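Coordinates as given in my_file-v7.pdb (PDB, C-alpha atoms and all ligand atoms):
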```
ATOM      1  CA  MET A   4      24.335  -4.477-108.025  1.00  0.00           C
ATOM      2  CA  ASN A   5      25.170  -1.537-110.298  1.00  0.00           C
ATOM      3  CA  PRO A   6      28.473   0.308-109.833  1.00  0.00           C
ATOM      4  CA  ALA A   7      26.781   3.415-108.417  1.00  0.00           C
ATOM      5  CA  SER A   8      25.067   1.585-105.573  1.00  0.00           C
ATOM      6  CA  ARG A   9      28.275  -0.392-104.836  1.00  0.00           C
ATOM      7  CA  LEU A  10      30.068   2.947-104.490  1.00  0.00           C
ATOM      8  CA  SER A  11      27.393   4.386-102.188  1.00  0.00           C
ATOM      9  CA  ARG A  12      27.636   1.284 -99.994  1.00  0.00           C
ATOM     10  CA  SER A  13      31.381   1.554 -99.684  1.00  0.00           C
ATOM     11  CA  ILE A  14      31.415   5.273 -98.784  1.00  0.00           C
ATOM     12  CA  PRO A  15      30.560   4.726 -95.072  1.00  0.00           C
ATOM     13  CA  VAL A  16      33.242   2.025 -94.885  1.00  0.00           C
ATOM     14  CA  LEU A  17      35.785   4.369 -96.442  1.00  0.00           C
ATOM     15  CA  LEU A  18      34.774   7.199 -94.110  1.00  0.00           C
ATOM     16  CA  SER A  19      35.168   5.033 -91.024  1.00  0.00           C
ATOM     17  CA  LEU A  20      38.570   3.843 -92.255  1.00  0.00           C
ATOM     18  CA  ILE A  21      39.698   7.451 -92.746  1.00  0.00           C
ATOM     19  CA  ALA A  22      38.359   8.434 -89.309  1.00  0.00           C
ATOM     20  CA  GLY A  23      40.137   5.451 -87.751  1.00  0.00           C
ATOM     21  CA  SER A  24      43.493   6.268 -89.263  1.00  0.00           C
ATOM     22  CA  LEU A  25      43.122   9.940 -88.273  1.00  0.00           C
ATOM     23  CA  LEU A  26      42.461   8.847 -84.694  1.00  0.00           C
ATOM     24  CA  ILE A  27      45.552   6.625 -84.696  1.00  0.00           C
ATOM     25  CA  THR A  28      47.613   9.518 -86.082  1.00  0.00           C
ATOM     26  CA  PHE A  29      46.377  11.842 -83.324  1.00  0.00           C
ATOM     27  CA  VAL A  30      47.106   9.286 -80.597  1.00  0.00           C
ATOM     28  CA  MET A  31      50.590   8.676 -81.986  1.00  0.00           C
ATOM     29  CA  ALA A  32      51.284  12.403 -82.304  1.00  0.00           C
ATOM     30  CA  ASP A  33      50.191  12.875 -78.708  1.00  0.00           C
ATOM     31  CA  ASN A  34      52.554  10.149 -77.503  1.00  0.00           C
ATOM     32  CA  MET A  35      55.401  11.523 -79.553  1.00  0.00           C
ATOM     33  CA  SER A  36      55.017  14.958 -77.981  1.00  0.00           C
ATOM     34  CA  SER A  37      55.514  13.548 -74.474  1.00  0.00           C
ATOM     35  CA  SER A  38      58.923  13.649 -72.824  1.00  0.00           C
ATOM     36  CA  GLU A  39      59.599  10.039 -73.834  1.00  0.00           C
ATOM     37  CA  SER A  40      60.545  10.965 -77.377  1.00  0.00           C
ATOM     38  CA  THR A  41      62.889  13.630 -75.969  1.00  0.00           C
ATOM     39  CA  ASP A  42      64.533  11.144 -73.564  1.00  0.00           C
ATOM     40  CA  VAL A  43      65.163   8.810 -76.419  1.00  0.00           C
ATOM     41  CA  SER A  44      66.498  11.550 -78.662  1.00  0.00           C
ATOM     42  CA  ILE A  45      68.943  12.790 -75.969  1.00  0.00           C
ATOM     43  CA  SER A  46      70.121   9.246 -75.398  1.00  0.00           C
ATOM     44  CA  GLU A  47      70.160   8.381 -79.092  1.00  0.00           C
ATOM     45  CA  CYS A  48      72.146  11.452 -80.005  1.00  0.00           C
ATOM     46  CA  ALA A  49      74.693  10.717 -77.254  1.00  0.00           C
ATOM     47  CA  SER A  50      75.034   7.044 -78.176  1.00  0.00           C
ATOM     48  CA  ALA A  51      75.488   7.918 -81.837  1.00  0.00           C
ATOM     49  CA  CYS A  52      78.253  10.422 -81.046  1.00  0.00           C
ATOM     50  CA  GLY A  53      81.921   9.545 -80.914  1.00  0.00           C
ATOM     51  CA  LEU A  54      83.337   9.976 -77.401  1.00  0.00           C
ATOM     52  CA  PRO A  55      85.490  13.075 -76.712  1.00  0.00           C
ATOM     53  CA  SER A  56      89.213  12.642 -77.362  1.00  0.00           C
ATOM     54  CA  HIS A  57      90.097  12.472 -73.624  1.00  0.00           C
ATOM     55  CA  VAL A  58      87.683   9.553 -73.119  1.00  0.00           C
ATOM     56  CA  ASP A  59      89.227   6.279 -74.252  1.00  0.00           C
ATOM     57  CA  LEU A  60      87.173   3.473 -72.734  1.00  0.00           C
ATOM     58  CA  SER A  61      89.065   0.651 -74.443  1.00  0.00           C
ATOM     59  CA  GLY A  62      91.821   0.376 -71.806  1.00  0.00           C
ATOM     60  CA  ASP A  63      91.705  -1.310 -68.401  1.00  0.00           C
ATOM     61  CA  ARG A  64      91.917   1.936 -66.422  1.00  0.00           C
ATOM     62  CA  PHE A  65      89.589   4.908 -66.181  1.00  0.00           C
ATOM     63  CA  PRO A  66      90.426   7.731 -68.624  1.00  0.00           C
ATOM     64  CA  VAL A  67      90.329  10.349 -65.818  1.00  0.00           C
ATOM     65  CA  VAL A  68      92.690   9.500 -62.944  1.00  0.00           C
ATOM     66  CA  ARG A  69      93.301  11.727 -59.899  1.00  0.00           C
ATOM     67  CA  THR A  70      95.362  11.257 -56.752  1.00  0.00           C
ATOM     68  CA  ASP A  71      93.589  10.898 -53.459  1.00  0.00           C
ATOM     69  CA  ALA A  72      94.658  14.458 -52.511  1.00  0.00           C
ATOM     70  CA  GLU A  73      93.183  15.758 -55.771  1.00  0.00           C
ATOM     71  CA  TRP A  74      89.911  13.964 -55.119  1.00  0.00           C
ATOM     72  CA  GLN A  75      89.715  15.398 -51.612  1.00  0.00           C
ATOM     73  CA  ALA A  76      90.424  18.884 -52.915  1.00  0.00           C
ATOM     74  CA  ARG A  77      87.764  18.599 -55.641  1.00  0.00           C
ATOM     75  CA  LEU A  78      84.972  17.032 -53.578  1.00  0.00           C
ATOM     76  CA  THR A  79      83.147  17.853 -50.351  1.00  0.00           C
ATOM     77  CA  ASP A  80      83.349  15.285 -47.530  1.00  0.00           C
ATOM     78  CA  ILE A  81      80.023  13.623 -48.417  1.00  0.00           C
ATOM     79  CA  GLN A  82      80.824  13.628 -52.153  1.00  0.00           C
ATOM     80  CA  TYR A  83      84.211  12.013 -51.452  1.00  0.00           C
ATOM     81  CA  GLU A  84      82.690   9.433 -49.110  1.00  0.00           C
ATOM     82  CA  VAL A  85      79.987   8.397 -51.606  1.00  0.00           C
ATOM     83  CA  ALA A  86      81.723   8.781 -54.975  1.00  0.00           C
ATOM     84  CA  ARG A  87      85.211   7.545 -54.006  1.00  0.00           C
ATOM     85  CA  LYS A  88      84.502   5.221 -51.048  1.00  0.00           C
ATOM     86  CA  GLN A  89      81.326   3.528 -52.347  1.00  0.00           C
ATOM     87  CA  GLY A  90      79.243   5.185 -49.645  1.00  0.00           C
ATOM     88  CA  THR A  91      75.495   5.824 -49.597  1.00  0.00           C
ATOM     89  CA  GLU A  92      74.017   9.146 -48.559  1.00  0.00           C
ATOM     90  CA  ARG A  93      70.917   9.421 -46.380  1.00  0.00           C
ATOM     91  CA  PRO A  94      67.585   9.035 -48.190  1.00  0.00           C
ATOM     92  CA  PHE A  95      65.401  12.165 -48.596  1.00  0.00           C
ATOM     93  CA  GLU A  96      68.003  14.446 -46.954  1.00  0.00           C
ATOM     94  CA  ASN A  97      69.947  14.965 -50.159  1.00  0.00           C
ATOM     95  CA  PRO A  98      69.792  17.839 -52.642  1.00  0.00           C
ATOM     96  CA  TYR A  99      68.403  16.199 -55.796  1.00  0.00           C
ATOM     97  CA  ASN A 100      65.806  13.713 -54.512  1.00  0.00           C
ATOM     98  CA  ASP A 101      63.113  16.397 -54.815  1.00  0.00           C
ATOM     99  CA  ASN A 102      64.666  18.374 -57.644  1.00  0.00           C
ATOM    100  CA  LYS A 103      62.011  18.786 -60.368  1.00  0.00           C
ATOM    101  CA  LYS A 104      63.915  21.329 -62.446  1.00  0.00           C
ATOM    102  CA  THR A 105      64.809  20.674 -66.074  1.00  0.00           C
ATOM    103  CA  GLY A 106      68.498  20.073 -66.595  1.00  0.00           C
ATOM    104  CA  LEU A 107      71.504  17.834 -66.881  1.00  0.00           C
ATOM    105  CA  TYR A 108      73.038  15.658 -64.167  1.00  0.00           C
ATOM    106  CA  ARG A 109      76.798  15.275 -64.566  1.00  0.00           C
ATOM    107  CA  CYS A 110      79.280  13.088 -62.725  1.00  0.00           C
ATOM    108  CA  VAL A 111      80.592  15.066 -59.744  1.00  0.00           C
ATOM    109  CA  GLY A 112      84.059  13.623 -60.347  1.00  0.00           C
ATOM    110  CA  CYS A 113      84.631  14.571 -63.997  1.00  0.00           C
ATOM    111  CA  ASP A 114      81.553  16.428 -65.409  1.00  0.00           C
ATOM    112  CA  THR A 115      80.556  13.639 -67.801  1.00  0.00           C
ATOM    113  CA  PRO A 116      76.816  13.978 -68.598  1.00  0.00           C
ATOM    114  CA  LEU A 117      75.196  10.904 -67.015  1.00  0.00           C
ATOM    115  CA  PHE A 118      71.463  11.575 -66.607  1.00  0.00           C
ATOM    116  CA  SER A 119      68.794  13.929 -67.950  1.00  0.00           C
ATOM    117  CA  SER A 120      65.925  15.363 -65.895  1.00  0.00           C
ATOM    118  CA  THR A 121      63.602  14.096 -68.655  1.00  0.00           C
ATOM    119  CA  THR A 122      64.125  10.503 -67.417  1.00  0.00           C
ATOM    120  CA  LYS A 123      63.915  11.357 -63.687  1.00  0.00           C
ATOM    121  CA  PHE A 124      60.924  10.003 -61.787  1.00  0.00           C
ATOM    122  CA  ASP A 125      59.730   9.931 -58.195  1.00  0.00           C
ATOM    123  CA  SER A 126      60.491   6.422 -56.943  1.00  0.00           C
ATOM    124  CA  GLY A 127      59.573   7.233 -53.331  1.00  0.00           C
ATOM    125  CA  THR A 128      62.909   5.770 -52.168  1.00  0.00           C
ATOM    126  CA  GLY A 129      64.419   9.109 -51.131  1.00  0.00           C
ATOM    127  CA  TRP A 130      67.150   9.100 -53.789  1.00  0.00           C
ATOM    128  CA  PRO A 131      67.119  10.636 -57.261  1.00  0.00           C
ATOM    129  CA  SER A 132      65.882   7.939 -59.655  1.00  0.00           C
ATOM    130  CA  PHE A 133      66.151   7.717 -63.430  1.00  0.00           C
ATOM    131  CA  SER A 134      64.780   5.263 -65.991  1.00  0.00           C
ATOM    132  CA  MET A 135      67.880   5.367 -68.206  1.00  0.00           C
ATOM    133  CA  PRO A 136      71.384   6.836 -68.437  1.00  0.00           C
ATOM    134  CA  ILE A 137      72.266   9.260 -71.217  1.00  0.00           C
ATOM    135  CA  ASP A 138      74.818   6.832 -72.664  1.00  0.00           C
ATOM    136  CA  LYS A 139      75.349   3.239 -71.532  1.00  0.00           C
ATOM    137  CA  ARG A 140      79.006   3.478 -72.562  1.00  0.00           C
ATOM    138  CA  THR A 141      79.762   6.091 -69.890  1.00  0.00           C
ATOM    139  CA  LEU A 142      77.905   4.366 -67.041  1.00  0.00           C
ATOM    140  CA  GLY A 143      79.764   1.208 -66.007  1.00  0.00           C
ATOM    141  CA  GLU A 144      78.126  -1.690 -64.141  1.00  0.00           C
ATOM    142  CA  THR A 145      79.618  -4.038 -61.503  1.00  0.00           C
ATOM    143  CA  ARG A 146      78.003  -6.917 -59.629  1.00  0.00           C
ATOM    144  CA  ASP A 147      77.837  -5.875 -55.957  1.00  0.00           C
ATOM    145  CA  VAL A 148      77.453  -8.575 -53.298  1.00  0.00           C
ATOM    146  CA  SER A 149      77.881  -6.356 -50.216  1.00  0.00           C
ATOM    147  CA  TYR A 150      75.350  -6.365 -47.327  1.00  0.00           C
ATOM    148  CA  GLY A 151      74.259  -9.917 -48.175  1.00  0.00           C
ATOM    149  CA  MET A 152      72.494  -8.770 -51.354  1.00  0.00           C
ATOM    150  CA  THR A 153      73.323  -9.179 -55.000  1.00  0.00           C
ATOM    151  CA  ARG A 154      72.875  -5.841 -56.714  1.00  0.00           C
ATOM    152  CA  VAL A 155      74.214  -4.117 -59.798  1.00  0.00           C
ATOM    153  CA  GLU A 156      76.414  -1.171 -58.869  1.00  0.00           C
ATOM    154  CA  VAL A 157      76.754   1.691 -61.379  1.00  0.00           C
ATOM    155  CA  HIS A 158      79.684   4.092 -61.691  1.00  0.00           C
ATOM    156  CA  CYS A 159      81.010   6.726 -64.046  1.00  0.00           C
ATOM    157  CA  ALA A 160      83.036   4.862 -66.679  1.00  0.00           C
ATOM    158  CA  VAL A 161      85.190   7.952 -67.245  1.00  0.00           C
ATOM    159  CA  CYS A 162      86.538   8.517 -63.703  1.00  0.00           C
ATOM    160  CA  GLY A 163      85.216   5.520 -61.725  1.00  0.00           C
ATOM    161  CA  SER A 164      83.116   7.548 -59.285  1.00  0.00           C
ATOM    162  CA  HIS A 165      80.442   5.389 -57.649  1.00  0.00           C
ATOM    163  CA  GLN A 166      76.924   6.541 -58.567  1.00  0.00           C
ATOM    164  CA  GLY A 167      74.452   4.064 -57.068  1.00  0.00           C
ATOM    165  CA  HIS A 168      72.651   0.900 -58.196  1.00  0.00           C
ATOM    166  CA  VAL A 169      70.289  -0.184 -60.967  1.00  0.00           C
ATOM    167  CA  PHE A 170      67.208  -2.299 -60.212  1.00  0.00           C
ATOM    168  CA  PRO A 171      64.782  -4.079 -62.579  1.00  0.00           C
ATOM    169  CA  ASP A 172      61.628  -2.470 -61.134  1.00  0.00           C
ATOM    170  CA  GLY A 173      61.549   0.886 -62.938  1.00  0.00           C
ATOM    171  CA  PRO A 174      58.911   2.424 -65.201  1.00  0.00           C
ATOM    172  CA  GLU A 175      58.478   1.817 -68.911  1.00  0.00           C
ATOM    173  CA  PRO A 176      59.976   2.078 -71.477  1.00  0.00           C
ATOM    174  CA  THR A 177      63.135   0.543 -69.902  1.00  0.00           C
ATOM    175  CA  GLY A 178      61.694  -1.128 -66.779  1.00  0.00           C
ATOM    176  CA  LEU A 179      64.877   0.006 -64.994  1.00  0.00           C
ATOM    177  CA  ARG A 180      65.375   2.155 -61.903  1.00  0.00           C
ATOM    178  CA  TYR A 181      68.738   3.836 -61.586  1.00  0.00           C
ATOM    179  CA  CYS A 182      68.899   4.740 -57.885  1.00  0.00           C
ATOM    180  CA  ILE A 183      71.617   7.408 -57.690  1.00  0.00           C
ATOM    181  CA  ASN A 184      73.252   9.382 -54.873  1.00  0.00           C
ATOM    182  CA  SER A 185      72.883  13.169 -55.138  1.00  0.00           C
ATOM    183  CA  ALA A 186      76.447  13.371 -53.794  1.00  0.00           C
ATOM    184  CA  SER A 187      77.748  11.708 -56.967  1.00  0.00           C
ATOM    185  CA  LEU A 188      76.053  14.234 -59.247  1.00  0.00           C
ATOM    186  CA  SER A 189      76.257  17.912 -60.099  1.00  0.00           C
ATOM    187  CA  PHE A 190      73.149  19.486 -61.608  1.00  0.00           C
ATOM    188  CA  GLU A 191      73.159  22.049 -64.406  1.00  0.00           C
ATOM    189  CA  GLU A 192      69.798  23.689 -64.982  1.00  0.00           C
ATOM    190  CA  ALA A 193      68.622  24.068 -68.594  1.00  0.00           C
ATOM    191  CA  GLU A 194      65.655  25.855 -70.176  1.00  0.00           C
ATOM    192  CA  SER A 195      64.286  22.856 -72.053  1.00  0.00           C
ATOM    193  CA  ALA A 196      65.001  19.303 -73.138  1.00  0.00           C
ATOM    194  CA  GLU A 197      66.483  20.753 -76.335  1.00  0.00           C
ATOM    195  CA  ALA A 198      68.870  22.829 -74.223  1.00  0.00           C
ATOM    196  CA  ILE A 199      69.937  19.656 -72.353  1.00  0.00           C
ATOM    197  CA  LYS A 200      70.671  18.035 -75.702  1.00  0.00           C
ATOM    198  CA  VAL A 201      72.872  21.001 -76.639  1.00  0.00           C
ATOM    199  CA  LEU A 202      74.845  20.623 -73.365  1.00  0.00           C
ATOM    200  CA  VAL A 203      75.270  16.898 -73.983  1.00  0.00           C
ATOM    201  CA  GLU A 204      76.406  17.443 -77.582  1.00  0.00           C
ATOM    202  CA  LYS A 205      78.922  20.053 -76.400  1.00  0.00           C
ATOM    203  CA  TRP A 206      80.544  17.486 -74.112  1.00  0.00           C
ATOM    204  CA  TYR A 207      80.740  14.924 -76.924  1.00  0.00           C
ATOM    205  CA  ASP A 208      82.269  17.568 -79.176  1.00  0.00           C
ATOM    206  CA  GLY A 209      85.033  17.944 -76.576  1.00  0.00           C
ATOM    207  CA  ALA A 210      84.104  21.573 -75.947  1.00  0.00           C
ATOM    208  CA  GLU A 211      84.073  21.010 -72.179  1.00  0.00           C
TER     209      GLU A 211
HETATM  210 ZN    ZN A 301      83.117  10.725 -63.651  1.00  0.00          ZN
END
```
As structure tokens, how would this structure be written, given the file I've shared?
Amino acid sequence: MNPASRLSRSIPVLLSLIAGSLLITFVMADNMSSSESTDVSISECASACGLPSHVDLSGDRFPVVRTDAEWQARLTDIQYEVARKQGTERPFENPYNDNKKTGLYRCVGCDTPLFSSTTKFDSGTGWPSFSMPIDKRTLGETRDVSYGMTRVEVHCAVCGSHQGHVFPDGPEPTGLRYCINSASLSFEEAESAEAIKVLVEKWYDGAE
């Protein structure tokens, strides 16, 4: 075979290779533009940040401590019952179960950013559900054996306020379902995922 005919034979192969890699690039770009990349970047940026100066998680007590009277003054009855007394609010009849707005969910007890709307999904359980916390350092876990079940309880690692439970039946990419009480959260609306990231970074900078 002369070189010219070898070249003409390989052109279709080359073209299909180029087309294939273009297709892969488009598919990847499409995936990257979904909210998943934003979830990860909010979480990654938080995890890479140093904690604010008032948040020292190395000790055996929570960095934010309040008296019972202070908790009662800060929280409504249902917030106090759930966040401070390990209660559970009623499913569906709570403010954030149906909340589809973009924004940041903070701990009701100390304003630590705990969850982003970009990881919220409809679990059908009647409680706000998230596939990941913003920063695993600020969401503590405890084995909970109440009600004859073994579950993993989650709480704010900064002030100890009870948040809910985490279950291993959530959506990808984590496979986790953080089932959280609205009463343990305060919601701050934001214009976009980027704006949520700015709010999160502000907290890590100690500006709030
Ligand atoms: Zn807290």
(request) Check every protein, DNA and RNA residue against ligand ZN 301 (chain A), keep those with an atom at most 8 Å away (counting all atoms listed in the file), and present them as a PyMOL selection string. (result) chain A and resi 67+109-115+158-164
Residue selection dump (C-alpha atoms) as a PDB file, in the coordinates of the input:
```pdb
ATOM      1  CA  VAL A  67      90.329  10.349 -65.818  1.00  0.00           C
ATOM      2  CA  ARG A 109      76.798  15.275 -64.566  1.00  0.00           C
ATOM      3  CA  CYS A 110      79.280  13.088 -62.725  1.00  0.00           C
ATOM      4  CA  VAL A 111      80.592  15.066 -59.744  1.00  0.00           C
ATOM      5  CA  GLY A 112      84.059  13.623 -60.347  1.00  0.00           C
ATOM      6  CA  CYS A 113      84.631  14.571 -63.997  1.00  0.00           C
ATOM      7  CA  ASP A 114      81.553  16.428 -65.409  1.00  0.00           C
ATOM      8  CA  THR A 115      80.556  13.639 -67.801  1.00  0.00           C
ATOM      9  CA  HIS A 158      79.684   4.092 -61.691  1.00  0.00           C
ATOM     10  CA  CYS A 159      81.010   6.726 -64.046  1.00  0.00           C
ATOM     11  CA  ALA A 160      83.036   4.862 -66.679  1.00  0.00           C
ATOM     12  CA  VAL A 161      85.190   7.952 -67.245  1.00  0.00           C
ATOM     13  CA  CYS A 162      86.538   8.517 -63.703  1.00  0.00           C
ATOM     14  CA  GLY A 163      85.216   5.520 -61.725  1.00  0.00           C
ATOM     15  CA  SER A 164      83.116   7.548 -59.285  1.00  0.00           C
TER      16      SER A 164
END
```
(request) Output the residue selection produced by the PyMOL selection byres (((chain A and resi 131) around 10) and not hetatm) on the file above, formatted as an MDAnalysis selection string. (result) chainID A and resid 94:95 97:102 120 123:130 132:133 167 180:185 188
(request) Find the distance between CA of Glu144 (chain A) and CA of Leu117 (chain A) and write it in Å to one decimal. (result) 13.2 Å
Once 3 Å is added on each side, what centre and edge lengths in Å to one decimal does the axis-aligned box around all listed atoms of region 105-113 of chain A have, as JSON?
```
{"center_x": 74.7, "center_y": 16.9, "center_z": -63.3, "size_x": 25.8, "size_y": 13.6, "size_z": 13.1}
```
(message) Here is a test: counting only C-alpha atoms, which residue of A:Arg69, A:Gly106, A:Arg64, A:Gly53 is nearest to Lys200 (chain A)?
(response)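 Once distances to Lys200 (chain A) are computed over only C-alpha atoms, the minimum belongs to A:Gly106.
Non-sequential neighbours of Leu107 (chain A) (distance at most 9 Å, separation of 2 or more positions within a chain, all atoms listed in the file) are Thr105, Arg109, Pro116, Leu117, Phe118, Ser119, Ser120, Thr121, Ser189, Phe190, Glu191, Glu192, Ala193, Ile199, Lys200, Leu202 and Val203 of chain A.
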Against region 84-87 of chain A, which residues of region 114-198 of chain A fall within 7 Å? For each one I want the closest pair of atoms and the distance in Å (one decimal), counting all atoms listed in the file, rows by chain and increasing residue number, as a Markdown table.
```
| residue | atom | partner | partner_atom | distance |
| --- | --- | --- | --- | --- |
| A:Ser164 | CA | A:Ala86 | CA | 4.7 |
| A:His165 | CA | A:Ala86 | CA | 4.5 |
| A:Gln166 | CA | A:Ala86 | CA | 6.4 |
| A:Ala186 | CA | A:Val85 | CA | 6.5 |
| A:Ser187 | CA | A:Ala86 | CA | 5.3 |
```
Residues from the last selection, C-alpha atoms, saved as an mmCIF file, in the frame of the given file:
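This went into part-v6.cif:
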```cif
data_model
loop_
_atom_site.group_PDB
_atom_site.id
_atom_site.type_symbol
_atom_site.label_atom_id
_atom_site.label_comp_id
_atom_site.auth_asym_id
_atom_site.auth_seq_id
_atom_site.Cartn_x
_atom_site.Cartn_y
_atom_site.Cartn_z
ATOM 1 C CA SER A 164 83.116 7.548 -59.285
ATOM 2 C CA HIS A 165 80.442 5.389 -57.649
ATOM 3 C CA GLN A 166 76.924 6.541 -58.567
ATOM 4 C CA ALA A 186 76.447 13.371 -53.794
ATOM 5 C CA SER A 187 77.748 11.708 -56.967
#
```
(message) Between A:Asp138, A:Asp208, A:Glu175, A:Glu194, which residue has the minimum interatomic distance to Ser50 (chain A), considering all atoms listed in the file?
(response) A:Asp138
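Going from CA of Ala49 (chain A) to CA of Glu156 (chain A) covers 22.0 Å.
Put simply, CA of Val169 (chain A) is 28.1 Å away from CA of Gly209 (chain A).
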(request) Go through A:Val201, A:Met135, A:Ala196, A:Ile45 one by one, measure the shortest atom-to-atom distance of each to Pro176 (chain A) using all atoms listed in the file, and give the residue with the smallest value. (result) A:Met135
(message) Which residue is closest to Thr91 (chain A)? Choose from A:Trp206, A:His168, A:Gly173, A:Ser56 and count all atoms listed in the file.
(response) A:His168
